[in-house]
>>> print(open('start_5.cif').read())   # mmCIF, C-alpha atoms, pLDDT in the B column; chains and numbers go by the auth columns
data_model
#
loop_
_atom_site.group_PDB
_atom_site.id
_atom_site.type_symbol
_atom_site.label_atom_id
_atom_site.label_comp_id
_atom_site.label_asym_id
_atom_site.label_seq_id
_atom_site.Cartn_x
_atom_site.Cartn_y
_atom_site.Cartn_z
_atom_site.B_iso_or_equiv
_atom_site.auth_seq_id
_atom_site.auth_asym_id
ATOM 1 C CA MET A 1 0.000 0.000 0.000 54.00 835 A
ATOM 2 C CA TRP A 2 2.750 2.467 0.954 43.00 836 A
ATOM 3 C CA CYS A 3 4.666 1.623 -2.225 41.00 837 A
ATOM 4 C CA ARG A 4 1.598 2.438 -4.332 45.00 838 A
ATOM 5 C CA ARG A 5 1.123 5.714 -2.491 48.00 839 A
ATOM 6 C CA TYR A 6 4.742 6.653 -3.116 39.00 840 A
ATOM 7 C CA LEU A 7 4.484 5.823 -6.822 44.00 841 A
ATOM 8 C CA SER A 8 1.290 7.878 -7.082 61.00 842 A
ATOM 9 C CA TRP A 9 2.998 10.835 -5.406 45.00 843 A
ATOM 10 C CA TYR A 10 6.130 10.430 -7.519 54.00 844 A
ATOM 11 C CA GLY A 11 4.022 10.215 -10.692 67.00 845 A
ATOM 12 C CA ASN A 12 1.908 13.261 -9.733 67.00 846 A
ATOM 13 C CA LEU A 13 -1.349 11.287 -9.658 69.00 847 A
ATOM 14 C CA ASP A 14 -3.389 14.393 -8.927 77.00 848 A
ATOM 15 C CA TYR A 15 -6.468 15.482 -10.860 76.00 849 A
ATOM 16 C CA ASP A 16 -6.865 18.801 -9.029 86.00 850 A
ATOM 17 C CA SER A 17 -5.824 21.441 -11.566 89.00 851 A
ATOM 18 C CA ARG A 18 -5.024 23.880 -8.762 90.00 852 A
ATOM 19 C CA SER A 19 -2.264 21.671 -7.349 95.00 853 A
ATOM 20 C CA ASN A 20 -1.083 19.353 -10.145 95.00 854 A
ATOM 21 C CA GLY A 21 0.564 21.999 -12.334 96.00 855 A
ATOM 22 C CA GLU A 22 -2.272 22.755 -14.768 97.00 856 A
ATOM 23 C CA HIS A 23 -2.890 26.199 -13.300 98.00 857 A
ATOM 24 C CA ARG A 24 0.832 26.924 -13.494 98.00 858 A
ATOM 25 C CA VAL A 25 0.739 26.168 -17.235 98.00 859 A
ATOM 26 C CA LEU A 26 -2.068 28.717 -17.599 98.00 860 A
ATOM 27 C CA GLN A 27 -0.157 31.274 -15.530 98.00 861 A
ATOM 28 C CA VAL A 28 2.895 30.881 -17.769 98.00 862 A
ATOM 29 C CA LEU A 29 0.742 31.123 -20.891 98.00 863 A
ATOM 30 C CA ALA A 30 -0.791 34.346 -19.602 98.00 864 A
ATOM 31 C CA ARG A 31 2.670 35.957 -19.695 97.00 865 A
ATOM 32 C CA PHE A 32 2.733 35.270 -23.436 97.00 866 A
ATOM 33 C CA GLU A 33 -0.582 37.105 -23.933 96.00 867 A
ATOM 34 C CA ALA A 34 -2.674 34.090 -24.949 97.00 868 A
ATOM 35 C CA ARG A 35 -5.632 34.972 -27.131 98.00 869 A
ATOM 36 C CA THR A 36 -7.358 31.657 -27.953 98.00 870 A
ATOM 37 C CA ILE A 37 -7.816 28.617 -25.704 98.00 871 A
ATOM 38 C CA VAL A 38 -9.809 25.511 -26.641 98.00 872 A
ATOM 39 C CA ASP A 39 -11.197 23.204 -23.950 98.00 873 A
ATOM 40 C CA ALA A 40 -12.080 19.849 -25.545 98.00 874 A
ATOM 41 C CA GLY A 41 -14.080 17.941 -22.948 97.00 875 A
ATOM 42 C CA ALA A 42 -15.034 20.903 -20.787 97.00 876 A
ATOM 43 C CA ASN A 43 -17.295 18.920 -18.422 97.00 877 A
ATOM 44 C CA VAL A 44 -18.994 21.391 -16.029 97.00 878 A
ATOM 45 C CA GLY A 45 -16.528 24.204 -16.710 98.00 879 A
ATOM 46 C CA ASP A 46 -14.014 24.228 -13.855 97.00 880 A
ATOM 47 C CA TRP A 47 -10.961 24.303 -16.139 98.00 881 A
ATOM 48 C CA SER A 48 -12.539 26.785 -18.576 98.00 882 A
ATOM 49 C CA LEU A 49 -13.341 29.148 -15.721 98.00 883 A
ATOM 50 C CA ALA A 50 -9.779 28.871 -14.424 98.00 884 A
ATOM 51 C CA ALA A 51 -8.375 29.504 -17.911 98.00 885 A
ATOM 52 C CA ALA A 52 -10.495 32.635 -18.293 98.00 886 A
ATOM 53 C CA ALA A 53 -9.508 33.883 -14.836 98.00 887 A
ATOM 54 C CA LEU A 54 -5.773 33.292 -15.298 98.00 888 A
ATOM 55 C CA CYS A 55 -5.468 34.240 -18.986 98.00 889 A
ATOM 56 C CA THR A 56 -7.400 37.478 -18.840 97.00 890 A
ATOM 57 C CA GLY A 57 -6.900 38.379 -22.501 97.00 891 A
ATOM 58 C CA ALA A 58 -8.020 35.026 -23.905 98.00 892 A
ATOM 59 C CA GLN A 59 -11.258 33.765 -25.403 98.00 893 A
ATOM 60 C CA VAL A 60 -12.051 30.233 -24.210 98.00 894 A
ATOM 61 C CA HIS A 61 -14.003 27.887 -26.467 98.00 895 A
ATOM 62 C CA ALA A 62 -15.466 25.082 -24.338 98.00 896 A
ATOM 63 C CA PHE A 63 -16.686 21.940 -26.124 98.00 897 A
ATOM 64 C CA GLU A 64 -18.788 19.390 -24.223 97.00 898 A
ATOM 65 C CA ILE A 65 -20.155 16.248 -25.833 96.00 899 A
ATOM 66 C CA SER A 66 -22.778 15.196 -23.252 96.00 900 A
ATOM 67 C CA PRO A 67 -26.035 17.211 -23.553 95.00 901 A
ATOM 68 C CA PRO A 68 -26.918 17.029 -19.822 95.00 902 A
ATOM 69 C CA THR A 69 -23.406 18.125 -18.856 96.00 903 A
ATOM 70 C CA PHE A 70 -23.466 20.869 -21.491 97.00 904 A
ATOM 71 C CA GLU A 71 -26.502 22.384 -19.781 97.00 905 A
ATOM 72 C CA THR A 72 -24.551 22.605 -16.515 97.00 906 A
ATOM 73 C CA LEU A 73 -21.499 23.988 -18.325 98.00 907 A
ATOM 74 C CA SER A 74 -23.553 26.712 -19.985 98.00 908 A
ATOM 75 C CA ARG A 75 -25.211 27.686 -16.721 98.00 909 A
ATOM 76 C CA ARG A 76 -21.978 27.816 -14.714 98.00 910 A
ATOM 77 C CA THR A 77 -20.074 29.879 -17.280 98.00 911 A
ATOM 78 C CA ALA A 78 -22.901 32.249 -18.213 98.00 912 A
ATOM 79 C CA GLY A 79 -21.365 35.067 -16.173 96.00 913 A
ATOM 80 C CA GLU A 80 -18.027 34.950 -18.042 98.00 914 A
ATOM 81 C CA PRO A 81 -18.407 36.532 -21.512 97.00 915 A
ATOM 82 C CA ARG A 82 -14.987 35.275 -22.629 98.00 916 A
ATOM 83 C CA ILE A 83 -16.143 31.645 -22.414 98.00 917 A
ATOM 84 C CA ARG A 84 -18.103 30.437 -25.422 98.00 918 A
ATOM 85 C CA CYS A 85 -19.744 27.023 -25.017 98.00 919 A
ATOM 86 C CA HIS A 86 -20.352 24.503 -27.804 98.00 920 A
ATOM 87 C CA GLY A 87 -22.640 21.516 -27.306 97.00 921 A
ATOM 88 C CA LYS A 88 -20.767 18.953 -29.354 95.00 922 A
ATOM 89 C CA GLY A 89 -17.767 16.699 -29.047 96.00 923 A
ATOM 90 C CA LEU A 90 -14.537 16.829 -31.044 97.00 924 A
ATOM 91 C CA SER A 91 -13.193 13.877 -32.987 96.00 925 A
ATOM 92 C CA ASP A 92 -11.447 13.021 -36.268 97.00 926 A
ATOM 93 C CA SER A 93 -14.586 13.169 -38.426 96.00 927 A
ATOM 94 C CA PRO A 94 -18.210 14.294 -38.136 96.00 928 A
ATOM 95 C CA GLY A 95 -20.869 11.879 -36.944 96.00 929 A
ATOM 96 C CA THR A 96 -22.240 10.438 -33.717 95.00 930 A
ATOM 97 C CA VAL A 97 -20.736 8.318 -30.974 94.00 931 A
ATOM 98 C CA ARG A 98 -22.415 6.198 -28.311 94.00 932 A
ATOM 99 C CA LEU A 99 -21.603 7.801 -24.981 91.00 933 A
ATOM 100 C CA ARG A 100 -21.938 6.440 -21.464 91.00 934 A
ATOM 101 C CA HIS A 101 -23.154 9.357 -19.360 89.00 935 A
ATOM 102 C CA PHE A 102 -22.634 9.106 -15.598 89.00 936 A
ATOM 103 C CA ALA A 103 -25.132 11.536 -14.085 91.00 937 A
ATOM 104 C CA ASP A 104 -23.570 11.416 -10.608 89.00 938 A
ATOM 105 C CA GLN A 105 -20.030 11.933 -11.922 91.00 939 A
ATOM 106 C CA PRO A 106 -20.259 13.519 -15.380 90.00 940 A
ATOM 107 C CA ALA A 107 -16.480 13.877 -15.616 90.00 941 A
ATOM 108 C CA LEU A 108 -16.335 10.097 -16.124 87.00 942 A
ATOM 109 C CA SER A 109 -18.660 10.071 -19.159 89.00 943 A
ATOM 110 C CA THR A 110 -16.910 8.141 -21.896 86.00 944 A
ATOM 111 C CA ALA A 111 -17.202 6.519 -25.301 86.00 945 A
ATOM 112 C CA THR A 112 -14.597 3.873 -24.459 86.00 946 A
ATOM 113 C CA GLY A 113 -16.679 1.509 -22.340 82.00 947 A
ATOM 114 C CA TYR A 114 -14.420 2.012 -19.333 85.00 948 A
ATOM 115 C CA PRO A 115 -15.779 -0.292 -16.566 86.00 949 A
ATOM 116 C CA HIS A 116 -16.721 2.290 -13.950 87.00 950 A
ATOM 117 C CA PRO A 117 -18.892 0.601 -11.263 90.00 951 A
ATOM 118 C CA LEU A 118 -21.540 3.321 -11.494 86.00 952 A
ATOM 119 C CA PRO A 119 -24.981 3.585 -13.105 90.00 953 A
ATOM 120 C CA PHE A 120 -25.009 5.237 -16.522 89.00 954 A
ATOM 121 C CA THR A 121 -27.296 6.029 -19.416 91.00 955 A
ATOM 122 C CA GLU A 122 -26.314 5.687 -23.067 92.00 956 A
ATOM 123 C CA ILE A 123 -26.554 8.745 -25.301 92.00 957 A
ATOM 124 C CA ASP A 124 -25.876 9.202 -29.010 94.00 958 A
ATOM 125 C CA ALA A 125 -23.804 12.385 -29.107 94.00 959 A
ATOM 126 C CA GLU A 126 -22.665 14.615 -31.975 94.00 960 A
ATOM 127 C CA VAL A 127 -18.998 14.960 -32.852 97.00 961 A
ATOM 128 C CA VAL A 128 -17.160 17.062 -35.412 97.00 962 A
ATOM 129 C CA ALA A 129 -13.544 17.235 -36.567 98.00 963 A
ATOM 130 C CA GLY A 130 -11.636 19.749 -34.460 98.00 964 A
ATOM 131 C CA ALA A 131 -10.080 21.662 -37.351 98.00 965 A
ATOM 132 C CA ASP A 132 -13.482 21.988 -39.029 98.00 966 A
ATOM 133 C CA ALA A 133 -15.085 23.189 -35.804 98.00 967 A
ATOM 134 C CA LEU A 134 -12.516 25.950 -35.407 98.00 968 A
ATOM 135 C CA SER A 135 -12.671 26.924 -39.073 97.00 969 A
ATOM 136 C CA SER A 136 -16.433 27.424 -38.771 97.00 970 A
ATOM 137 C CA LEU A 137 -15.704 29.800 -35.893 97.00 971 A
ATOM 138 C CA GLY A 138 -13.118 31.717 -37.899 97.00 972 A
ATOM 139 C CA LEU A 139 -10.266 30.453 -35.712 97.00 973 A
ATOM 140 C CA HIS A 140 -6.952 29.542 -37.303 94.00 974 A
ATOM 141 C CA GLU A 141 -4.481 29.946 -34.420 97.00 975 A
ATOM 142 C CA VAL A 142 -4.711 28.382 -30.940 98.00 976 A
ATOM 143 C CA ASP A 143 -2.469 29.160 -27.970 98.00 977 A
ATOM 144 C CA LEU A 144 -3.559 26.130 -25.932 98.00 978 A
ATOM 145 C CA LEU A 145 -5.667 23.103 -26.815 98.00 979 A
ATOM 146 C CA LYS A 146 -6.632 21.180 -23.679 98.00 980 A
ATOM 147 C CA ILE A 147 -8.003 17.653 -24.211 98.00 981 A
ATOM 148 C CA ASP A 148 -9.825 15.744 -21.470 96.00 982 A
ATOM 149 C CA VAL A 149 -12.050 13.267 -23.300 95.00 983 A
ATOM 150 C CA GLU A 150 -11.842 10.017 -21.327 90.00 984 A
ATOM 151 C CA GLY A 151 -10.086 7.889 -23.938 91.00 985 A
ATOM 152 C CA MET A 152 -10.836 9.692 -27.210 94.00 986 A
ATOM 153 C CA GLU A 153 -7.550 11.608 -27.182 95.00 987 A
ATOM 154 C CA ASP A 154 -6.149 10.015 -30.341 96.00 988 A
ATOM 155 C CA ARG A 155 -9.294 10.772 -32.339 96.00 989 A
ATOM 156 C CA VAL A 156 -9.419 14.366 -31.126 97.00 990 A
ATOM 157 C CA LEU A 157 -5.762 14.865 -32.006 98.00 991 A
ATOM 158 C CA ARG A 158 -6.276 13.516 -35.530 98.00 992 A
ATOM 159 C CA GLY A 159 -9.146 15.950 -35.949 98.00 993 A
ATOM 160 C CA PHE A 160 -6.712 18.820 -35.374 98.00 994 A
ATOM 161 C CA ASP A 161 -4.028 17.367 -37.640 98.00 995 A
ATOM 162 C CA PRO A 162 -4.111 20.128 -40.308 98.00 996 A
ATOM 163 C CA LEU A 163 -3.551 22.803 -37.663 98.00 997 A
ATOM 164 C CA LEU A 164 -0.875 20.787 -35.862 98.00 998 A
ATOM 165 C CA ARG A 165 1.092 20.127 -39.053 98.00 999 A
ATOM 166 C CA ALA A 166 0.923 23.842 -39.872 98.00 1000 A
ATOM 167 C CA GLY A 167 2.188 24.743 -36.386 97.00 1001 A
ATOM 168 C CA ARG A 168 -0.939 26.767 -35.662 98.00 1002 A
ATOM 169 C CA ILE A 169 -1.426 25.303 -32.183 98.00 1003 A
ATOM 170 C CA ALA A 170 1.290 26.337 -29.727 98.00 1004 A
ATOM 171 C CA LEU A 171 0.459 23.960 -26.853 98.00 1005 A
ATOM 172 C CA VAL A 172 -1.567 20.770 -26.467 98.00 1006 A
ATOM 173 C CA GLN A 173 -2.426 19.435 -23.015 98.00 1007 A
ATOM 174 C CA PHE A 174 -3.912 15.938 -22.835 98.00 1008 A
ATOM 175 C CA GLU A 175 -4.687 13.227 -20.303 95.00 1009 A
ATOM 176 C CA TYR A 176 -3.002 9.834 -20.197 94.00 1010 A
ATOM 177 C CA GLY A 177 -4.196 7.051 -17.904 90.00 1011 A
ATOM 178 C CA ARG A 178 -5.911 3.698 -17.654 89.00 1012 A
ATOM 179 C CA ALA A 179 -8.373 4.485 -20.443 89.00 1013 A
ATOM 180 C CA ASN A 180 -5.379 4.300 -22.789 89.00 1014 A
ATOM 181 C CA VAL A 181 -5.139 0.580 -22.005 86.00 1015 A
ATOM 182 C CA LEU A 182 -8.533 0.136 -23.666 87.00 1016 A
ATOM 183 C CA THR A 183 -7.882 2.407 -26.659 91.00 1017 A
ATOM 184 C CA GLY A 184 -4.328 1.222 -27.351 92.00 1018 A
ATOM 185 C CA PHE A 185 -3.146 4.822 -27.748 95.00 1019 A
ATOM 186 C CA LEU A 186 -0.086 4.618 -25.541 96.00 1020 A
ATOM 187 C CA LEU A 187 2.284 7.341 -24.436 96.00 1021 A
ATOM 188 C CA HIS A 188 4.935 6.408 -26.975 96.00 1022 A
ATOM 189 C CA HIS A 189 2.280 6.644 -29.707 97.00 1023 A
ATOM 190 C CA ALA A 190 1.472 10.173 -28.541 97.00 1024 A
ATOM 191 C CA ALA A 191 5.174 11.038 -28.460 97.00 1025 A
ATOM 192 C CA ALA A 192 5.651 9.809 -32.034 97.00 1026 A
ATOM 193 C CA PHE A 193 2.538 11.663 -33.195 98.00 1027 A
ATOM 194 C CA PHE A 194 3.809 14.973 -31.851 98.00 1028 A
ATOM 195 C CA ARG A 195 7.437 14.424 -32.885 98.00 1029 A
ATOM 196 C CA GLU A 196 6.342 13.945 -36.519 98.00 1030 A
ATOM 197 C CA ARG A 197 4.533 17.281 -36.356 98.00 1031 A
ATOM 198 C CA GLY A 198 7.380 19.289 -34.822 98.00 1032 A
ATOM 199 C CA TYR A 199 6.438 19.215 -31.146 98.00 1033 A
ATOM 200 C CA VAL A 200 8.255 18.200 -27.980 98.00 1034 A
ATOM 201 C CA LEU A 201 6.449 16.345 -25.210 98.00 1035 A
ATOM 202 C CA GLY A 202 6.669 16.773 -21.455 98.00 1036 A
ATOM 203 C CA LYS A 203 4.861 15.734 -18.301 97.00 1037 A
ATOM 204 C CA ILE A 204 3.148 18.372 -16.174 97.00 1038 A
ATOM 205 C CA TYR A 205 4.293 18.582 -12.550 97.00 1039 A
ATOM 206 C CA PRO A 206 3.322 21.131 -9.883 96.00 1040 A
ATOM 207 C CA ASP A 207 6.558 23.091 -10.284 96.00 1041 A
ATOM 208 C CA GLY A 208 7.152 22.750 -14.013 97.00 1042 A
ATOM 209 C CA VAL A 209 6.921 20.666 -17.169 98.00 1043 A
ATOM 210 C CA GLU A 210 9.550 17.982 -17.700 97.00 1044 A
ATOM 211 C CA PHE A 211 10.257 17.943 -21.443 98.00 1045 A
ATOM 212 C CA ARG A 212 12.210 14.879 -22.563 96.00 1046 A
ATOM 213 C CA GLU A 213 12.035 11.732 -24.684 95.00 1047 A
ATOM 214 C CA VAL A 214 9.457 9.185 -23.551 95.00 1048 A
ATOM 215 C CA ARG A 215 10.952 5.996 -22.081 94.00 1049 A
ATOM 216 C CA ILE A 216 9.342 2.562 -21.946 92.00 1050 A
ATOM 217 C CA GLU A 217 9.107 2.821 -18.158 92.00 1051 A
ATOM 218 C CA ASP A 218 6.949 5.923 -18.568 92.00 1052 A
ATOM 219 C CA GLU A 219 4.083 3.693 -19.736 93.00 1053 A
ATOM 220 C CA ASP A 220 2.773 3.525 -16.169 91.00 1054 A
ATOM 221 C CA PHE A 221 -0.802 4.766 -16.851 87.00 1055 A
ATOM 222 C CA ILE A 222 -0.482 7.099 -13.862 87.00 1056 A
ATOM 223 C CA GLY A 223 -0.707 10.261 -15.921 83.00 1057 A
ATOM 224 C CA PRO A 224 -2.464 12.465 -15.436 93.00 1058 A
ATOM 225 C CA ASN A 225 -1.443 15.274 -17.808 97.00 1059 A
ATOM 226 C CA TYR A 226 1.131 15.741 -20.545 98.00 1060 A
ATOM 227 C CA LEU A 227 1.929 18.827 -22.569 98.00 1061 A
ATOM 228 C CA ALA A 228 3.164 19.114 -26.152 98.00 1062 A
ATOM 229 C CA CYS A 229 4.801 22.356 -27.275 98.00 1063 A
ATOM 230 C CA ARG A 230 5.988 23.468 -30.678 98.00 1064 A
ATOM 231 C CA ALA A 231 9.696 22.689 -30.758 98.00 1065 A
ATOM 232 C CA ASP A 232 10.518 26.102 -32.232 98.00 1066 A
ATOM 233 C CA ARG A 233 8.920 27.901 -29.261 98.00 1067 A
ATOM 234 C CA VAL A 234 12.075 27.751 -27.153 97.00 1068 A
ATOM 235 C CA ASP A 235 10.933 30.765 -25.138 97.00 1069 A
ATOM 236 C CA LEU A 236 7.718 29.040 -24.130 98.00 1070 A
ATOM 237 C CA ILE A 237 9.449 25.726 -23.418 98.00 1071 A
ATOM 238 C CA GLU A 238 11.958 27.352 -21.074 98.00 1072 A
ATOM 239 C CA ALA A 239 9.252 29.280 -19.244 98.00 1073 A
ATOM 240 C CA LEU A 240 7.186 26.124 -18.771 98.00 1074 A
ATOM 241 C CA ARG A 241 10.146 24.135 -17.453 96.00 1075 A
ATOM 242 C CA GLY A 242 10.314 26.368 -14.374 79.00 1076 A
#
>>> encode(input="start_5.cif", output="structure tokens")
Amino acid sequence: MWCRRYLSWYGNLDYDSRSNGEHRVLQVLARFEARTIVDAGANVGDWSLAAAALCTGAQVHAFEISPPTFETLSRRTAGEPRIRCHGKGLSDSPGTVRLRHFADQPALSTATGYPHPLPFTEIDAEVVAGADALSSLGLHEVDLLKIDVEGMEDRVLRGFDPLLRAGRIALVQFEYGRANVLTGFLLHHAAAFFRERGYVLGKIYPDGVEFREVRIEDEDFIGPNYLACRADRVDLIEALRG
């Protein structure tokens, strides 16, 4: 038990954005005058609200796939005019996906079939390719794309491929954990994906981002959050390192 606790601490197994380093990423980004932030998998809006509060010059586009959760998101962010909510999910192509919605814990809602021991309802939810969604909004540059989609990370990333290959997204934050066991999209797959598109990958810690090559021992499914940065943004990389 104590060994597991130590490994969780060492691996920063912390989903509280205030303490796990996510807020620090936003604080650093604010110094670079971020203008556009995309929250893919916004849930009830906690991260979007934090992004708007910390990056005071940015517009936040919050996408939420689950209709019941979207209603809560819209209500909670209604007082912040710089958050624009979109009631659809992001993927690699337009269509619908079968979603398990957990009413008691909406953050766990997933299209992967993860075996959470909780009651759920199944919903057919709309998805659209990320690049197409942003194009329809007139957006062609993104300072930070945050992805928290309970196992659909690879599909969301492919949906943004045109923008990533063009270097139009400066930073991409995404989750990595046990859901990746089910999807087969492992950390070294993510590292190769970003390397081919001119990005460097690092793990988010409370006091900084550790940018380095992914090792086989890093496939620990502890996560929780990794950050990809354009390799040519040396200024941003150094600031994020801490």
>>> closest_atom_pairs(input="start_5.cif", of="stretch 881-947 of chain A", to="stretch 966-981 of chain A", cutoff="10 Å", atoms="all atoms listed in the file", output="CSV")
residue,atom,partner,partner_atom,distance
A:Trp881,CA,A:Lys980,CA,9.2
A:Ser882,CA,A:Lys980,CA,9.6
A:Ala885,CA,A:Leu978,CA,9.9
A:Ala892,CA,A:Asp977,CA,9.0
A:Val894,CA,A:Leu978,CA,9.6
A:His895,CA,A:Leu968,CA,9.3
A:Ala896,CA,A:Lys980,CA,9.7
A:Phe897,CA,A:Ile981,CA,9.9
A:His920,CA,A:Ala967,CA,9.7
A:Lys922,CA,A:Ala967,CA,9.6
A:Gly923,CA,A:Ala967,CA,9.7
A:Leu924,CA,A:Ala967,CA,8.0
A:Ser925,CA,A:Ala967,CA,9.9
A:Asp926,CA,A:Asp966,CA,9.6
A:Ser927,CA,A:Asp966,CA,8.9
A:Pro928,CA,A:Asp966,CA,9.1
>>> resolve_selection(input="start_5.cif", expression="the PyMOL selection byres ((chain A and resi 917) around 7)", output="tab-separated table (two decimals) with C-alpha atoms, in the coordinates of the input")
chain	number	residue	atom	x	y	z
A	893	GLN	CA	-11.26	33.76	-25.40
A	894	VAL	CA	-12.05	30.23	-24.21
A	895	HIS	CA	-14.00	27.89	-26.47
A	896	ALA	CA	-15.47	25.08	-24.34
A	911	THR	CA	-20.07	29.88	-17.28
A	914	GLU	CA	-18.03	34.95	-18.04
A	915	PRO	CA	-18.41	36.53	-21.51
A	916	ARG	CA	-14.99	35.28	-22.63
A	918	ARG	CA	-18.10	30.44	-25.42
A	919	CYS	CA	-19.74	27.02	-25.02
>>> atom_distance(input="start_5.cif", atom1="atom CA of A:Arg852", atom2="atom CA of A:Leu888")
11.5 Å
>>> resolve_selection(input="start_5.cif", expression="the PyMOL selection byres ((chain A and resi 935-943) around 10)", output="PyMOL selection string")
chain A and resi 875-878+899-903+932-934+944-948+950+952-957+982-984
>>> resolve_selection(input="start_5.cif", expression="the PyMOL selection byres ((chain A and resi 1024) around 10)", output="PyMOL selection string")
chain A and resi 987-988+991+1008+1010+1019-1023+1025-1029+1035+1048+1060+1062
>>> closest_residue(input="start_5.cif", among="A:Gly1018, A:Glu1047, A:Leu883, A:Glu856", to="A:Val1006", atoms="only C-alpha atoms")
A:Glu856
>>> atom_distance(input="start_5.cif", atom1="atom CA of A:Asn854", atom2="atom CA of A:Ile1038")
7.4 Å
>>> atom_distance(input="start_5.cif", atom1="atom CA of A:Ile1003", atom2="atom CA of A:Arg989")
16.5 Å
>>> residues_around(input="start_5.cif", residues="A:Glu1044", least_positions_apart="4", cutoff="10 Å", atoms="only C-alpha atoms", output="list in words")
Leu1035, Gly1036, Lys1037, Ile1038, Tyr1039, Tyr1060, Leu1061, Ile1071, Leu1074, Arg1075 and Gly1076 of chain A
>>> axis_aligned_box(input="start_5.cif", around="stretch 943-957 of chain A", padding_each_side="8 Å", output="lines of an AutoDock Vina configuration file")
center_x = -20.9
center_y = 4.9
center_z = -18.3
size_x = 28.9
size_y = 26.4
size_z = 30.0
>>> closest_residue(input="start_5.cif", among="A:Gly921, A:Gly913, A:Gly879, A:Gly891", to="A:Arg865", atoms="only C-alpha atoms")
A:Gly891
